[in-house]
Amino acid sequence: MSNKKILILPGDGIGNEVMSEVLKIIDWMAKTRSMTFDITERLVGGTAYDKEGDSISDETMQIALDSDAVLFGAVGGSKWDNVERDKRPEAALLRLRKDLDLFANLRPAVVLDALAGASSLKLDLVKGLDILIVRELTSGVYFGQPRGISKINDTESKAIDTQVYTTSEIDRVSRVAFDLAKVRRNKVSSAEKSNVMETGLFWRKTVTELHKKEYSSVDLEHILADNCAMQLVRYPKQFDVILTDNLFGDLLSDTAAMLTGSLGMLPSAALGPVNENGTRAAMYEPVHGSAPDIAGQSKANPLAMIMSFAMMLKYSFDMHEDSKLVEKAVQNVLLKGLRTADIKDGAEKIISTQEMGNAVIQELKILTGN
Ligand code: NAD
């Protein structure tokens, strides 16, 4: 079997620091596990703009298209604030999402036992929490036309955004949610605003029809997006998979994220359509940004990046055992009280980015005897 091709895009700021810790794990896996990867590393974001004149070059984009999966660090920083919009660091992220057609964004919100005290909610509400938000990522109000600001007369102007969804756009992201629910706790909560929006009504009808035709074995509930936000902070454990559109997903996934306590712990995946050969484009990245305030100080928590790699093993390569192994190593490190500054909770020992990466490797060695 040929090696899986991974494109590594560390990006700017702490993106580089946290990615280095994943590369150590990939190295360890190559030496001790059955699978080795073909790794290509390229510039992205502001660093790429400085060296290559664009936040992602056509050549890098082509490598992304030819890869089995992309692992992305973070981009951005005030240094590039005045760069033209289409060459800004963030433009690279949008191009990757668009050109790879990454329509399904998976954001798990998992509260690890060792960190349950770091949540802003009471311990018993979040202990053991494991929910997954599936957000539509390439359509809806962030992309719909017409959009723009125009003049009505000398004193009045208006701004327009358009929320638009087609049947196939809703179907494909719903399939991802239903399929994932089947291997979890078998429940999908579909969130929209069918009480006040045409797209909400259409979303509900389309999800219902697909469910009836292909996924009737999965429990489906419909929930208004505002109620979903409220329920997330009232009793989050009622949810398994939350399926929602681009706009509501943006808000609900950030709400769910904060239940877990820290930005430095949150991985994500973005998946494209399944090709004829059964594979799909995919990109994995931590939820956090380039954190210019701590960049270069070895303070960044690499665990969100490492957990993003674990998601890659699971969702792109079906390496479920290896994925669980990495997750278990992370949990064990935290159970031993090792913490980067962002997840400091009481008297635990504060360690650097590199020490945290090394601690995860150490745990992997203990868990596997290698
Ligand atoms: P941020 O996520 O970079 O940082 C927010 C806060 O969280 C900061 O105080 C930071 O120090 C802390 N933090 C973030 N990740 C951490 C980690 N792994 N360990 C420890 N602490 C961590 O968000 P921001 O400050 O709003 O944005 C900074 C830059 O990142 C901006 O240019 C923004 O556009 C960009 N950004 C990029 C992405 C991405 O690449 N996907 C996402 C969000 C923001």
# chains A, B, ... in the order shown; residues from 1 in each chain; ligands from 1

$ residues_around --residues "Lys98 in chain A" --least-positions-apart "5" --cutoff "9 Å" --atoms "only C-alpha atoms" --output "ChimeraX atom specification"
/A:93,103,138

$ residues_around --residues "Glu41 in chain A" --least-positions-apart "4" --cutoff "8 Å" --atoms "only C-alpha atoms" --output "list in words"
Leu7, Ile8, Leu9 and Pro10 of chain A

$ residues_around --residues "Pro273 in chain A" --least-positions-apart "5" --cutoff "10 Å" --atoms "only C-alpha atoms" --output "ChimeraX atom specification"
/A:100-104,172-173,176,278-282

$ closest_atom_pairs --of "chain A" --to "ligand 1" --cutoff "6 Å" --atoms "only C-alpha atoms and all ligand atoms" --output "Markdown table"
| residue | atom | partner | partner_atom_place_in_ligand_line | distance |
| --- | --- | --- | --- | --- |
| A:Ala74 | CA | ligand 1 | 40 (O) | 3.4 |
| A:Val75 | CA | ligand 1 | 40 (O) | 4.0 |
| A:Gly76 | CA | ligand 1 | 32 (O) | 3.4 |
| A:Gly77 | CA | ligand 1 | 32 (O) | 3.9 |
| A:Leu263 | CA | ligand 1 | 15 (N) | 5.6 |
| A:Gly264 | CA | ligand 1 | 18 (N) | 3.8 |
| A:His288 | CA | ligand 1 | 2 (O) | 3.6 |
| A:Gly289 | CA | ligand 1 | 3 (O) | 3.2 |
| A:Ser290 | CA | ligand 1 | 30 (O) | 4.1 |
| A:Ala291 | CA | ligand 1 | 3 (O) | 3.3 |
| A:Pro292 | CA | ligand 1 | 28 (C) | 5.9 |
| A:Asp293 | CA | ligand 1 | 11 (O) | 5.4 |
| A:Ile294 | CA | ligand 1 | 11 (O) | 5.3 |
| A:Ala300 | CA | ligand 1 | 19 (N) | 3.7 |
| A:Asn301 | CA | ligand 1 | 19 (N) | 3.7 |
| A:Pro302 | CA | ligand 1 | 18 (N) | 5.6 |
| A:Asp342 | CA | ligand 1 | 20 (C) | 4.9 |

$ residues_around --residues "Ser34 in chain A" --least-positions-apart "3" --cutoff "12 Å" --atoms "only C-alpha atoms" --output "ChimeraX atom specification"
/A:1,3,26,28-31,37,319,321-322

$ select_by_dssp --residues "range 1-200 of chain A" --states "strand (DSSP E)" --output "ChimeraX atom specification"
/A:4-11,37-41,69-74,104-110,130-136,144-151,157-162,187-192

$ residues_around --residues "Leu247 in chain A" --least-positions-apart "3" --cutoff "9 Å" --atoms "only C-alpha atoms" --output "list in words"
Arg135, Glu136, Leu137, Gly140, Val141, Tyr142, Thr244, Asp250, Leu251 and Leu252 of chain A

$ residues_around --residues "Ala116 in chain A" --least-positions-apart "4" --cutoff "10 Å" --atoms "only C-alpha atoms" --output "NGL selection string"
:A and (110-112 or 120-129 or 259-261)

$ select_by_dssp --residues "range 143-321 of chain A" --states "alpha helix (DSSP H)" --output "MDAnalysis selection string"
chainID A and resid 167:182 198:214 225:234 246:259 303:315 320:321

$ closest_residue --among "A:Arg85, A:Arg97, A:Lys336, A:Arg107" --to "Met283 in chain A" --atoms "only C-alpha atoms"
A:Arg97

$ closest_residue --among "A:Ile160, A:Ile6, A:Leu132, A:Val233" --to "Gln145 in chain A" --atoms "only C-alpha atoms"
A:Ile160

$ atom_distance --atom1 "CA of Gly148 in chain A" --atom2 "CA of Thr167 in chain A"
25.1 Å

$ residues_around --residues "Gln331 in chain A" --least-positions-apart "6" --cutoff "10 Å" --atoms "only C-alpha atoms" --output "PyMOL selection string"
chain A and resi 112-115+303+325+360+363

$ closest_residue --among "A:Glu21, A:Asp99, A:Asp68, A:Asp86" --to "Gly53 in chain A" --atoms "only C-alpha atoms"
A:Asp86

$ closest_residue --among "A:Ile170, A:Ile366, A:Ile350, A:Ala270" --to "Lys205 in chain A" --atoms "only C-alpha atoms"
A:Ile170

$ decode --residues "range 258-354 of chain A" --atoms "C-alpha atoms" --output "short mmCIF file (atom, residue, chain, number, x, y, z; two decimals), in the first residue's frame"
data_model
loop_
_atom_site.label_atom_id
_atom_site.label_comp_id
_atom_site.auth_asym_id
_atom_site.auth_seq_id
_atom_site.Cartn_x
_atom_site.Cartn_y
_atom_site.Cartn_z
CA MET A 258 -15.96 27.18 25.46
CA LEU A 259 -17.68 24.43 27.44
CA THR A 260 -14.37 22.62 27.23
CA GLY A 261 -12.39 25.41 28.84
CA SER A 262 -9.58 26.34 26.48
CA LEU A 263 -8.94 27.31 22.90
CA GLY A 264 -5.61 25.49 23.10
CA MET A 265 -7.42 22.15 23.37
CA LEU A 266 -9.79 22.29 20.39
CA PRO A 267 -9.18 20.43 17.13
CA SER A 268 -11.29 20.56 13.97
CA ALA A 269 -11.68 18.87 10.62
CA ALA A 270 -13.11 20.04 7.32
CA LEU A 271 -14.18 17.36 4.86
CA GLY A 272 -14.87 17.46 1.12
CA PRO A 273 -17.04 15.22 -1.05
CA VAL A 274 -16.22 11.52 -1.46
CA ASN A 275 -14.47 10.84 -4.80
CA GLU A 276 -15.09 7.87 -7.13
CA ASN A 277 -12.20 6.01 -5.45
CA GLY A 278 -13.80 6.41 -2.03
CA THR A 279 -11.34 9.02 -0.71
CA ARG A 280 -12.17 12.61 0.19
CA ALA A 281 -10.25 15.87 0.51
CA ALA A 282 -9.78 16.87 4.12
CA MET A 283 -8.04 19.51 6.18
CA TYR A 284 -7.36 19.37 9.90
CA GLU A 285 -6.53 22.39 12.04
CA PRO A 286 -6.73 23.64 15.59
CA VAL A 287 -9.57 26.07 16.23
CA HIS A 288 -7.20 28.71 17.61
CA GLY A 289 -5.33 31.35 15.60
CA SER A 290 -1.68 32.33 15.41
CA ALA A 291 -1.70 33.91 18.90
CA PRO A 292 0.80 36.72 18.20
CA ASP A 293 0.75 37.65 21.91
CA ILE A 294 2.59 34.44 22.86
CA ALA A 295 4.32 33.51 19.59
CA GLY A 296 8.00 32.61 19.89
CA GLN A 297 7.81 32.22 23.67
CA SER A 298 7.27 28.45 23.87
CA LYS A 299 4.00 29.07 25.72
CA ALA A 300 1.59 27.71 23.11
CA ASN A 301 -0.43 24.62 23.96
CA PRO A 302 0.25 22.09 21.17
CA LEU A 303 -2.60 19.74 22.20
CA ALA A 304 -5.26 21.19 19.82
CA MET A 305 -2.82 20.65 16.96
CA ILE A 306 -1.96 17.16 18.17
CA MET A 307 -5.67 16.29 18.54
CA SER A 308 -6.24 17.63 14.99
CA PHE A 309 -3.64 15.11 13.84
CA ALA A 310 -5.54 12.42 15.79
CA MET A 311 -8.70 13.44 13.89
CA MET A 312 -6.76 13.07 10.63
CA LEU A 313 -5.76 9.52 11.55
CA LYS A 314 -9.40 8.69 12.27
CA TYR A 315 -11.33 10.47 9.54
CA SER A 316 -8.87 10.40 6.60
CA PHE A 317 -6.92 7.21 7.18
CA ASP A 318 -9.28 4.96 9.20
CA MET A 319 -6.44 4.51 11.71
CA HIS A 320 -8.83 4.38 14.63
CA GLU A 321 -6.48 2.63 17.03
CA ASP A 322 -3.63 5.03 16.40
CA SER A 323 -6.00 7.96 16.71
CA LYS A 324 -7.25 6.67 20.08
CA LEU A 325 -3.67 6.08 21.15
CA VAL A 326 -2.75 9.71 20.56
CA GLU A 327 -5.90 10.88 22.38
CA LYS A 328 -5.13 8.57 25.29
CA ALA A 329 -1.56 9.85 25.49
CA VAL A 330 -2.89 13.42 25.68
CA GLN A 331 -5.33 12.46 28.43
CA ASN A 332 -2.62 10.71 30.43
CA VAL A 333 -0.30 13.71 30.22
CA LEU A 334 -3.08 15.91 31.57
CA LEU A 335 -3.98 13.39 34.27
CA LYS A 336 -0.37 13.62 35.45
CA GLY A 337 -0.97 17.33 36.05
CA LEU A 338 1.22 18.63 33.25
CA ARG A 339 -0.15 21.90 31.86
CA THR A 340 0.76 24.69 29.49
CA ALA A 341 -0.10 28.13 30.88
CA ASP A 342 -3.49 28.43 29.10
CA ILE A 343 -4.92 25.38 30.90
CA LYS A 344 -3.30 26.04 34.25
CA ASP A 345 -5.84 25.15 36.89
CA GLY A 346 -4.54 25.30 40.43
CA ALA A 347 -1.10 24.08 41.35
CA GLU A 348 -0.16 21.95 38.34
CA LYS A 349 3.29 22.23 36.86
CA ILE A 350 3.52 24.68 33.93
CA ILE A 351 5.52 23.36 31.01
CA SER A 352 6.57 24.70 27.60
CA THR A 353 5.20 23.81 24.17
CA GLN A 354 8.15 21.52 23.54
#
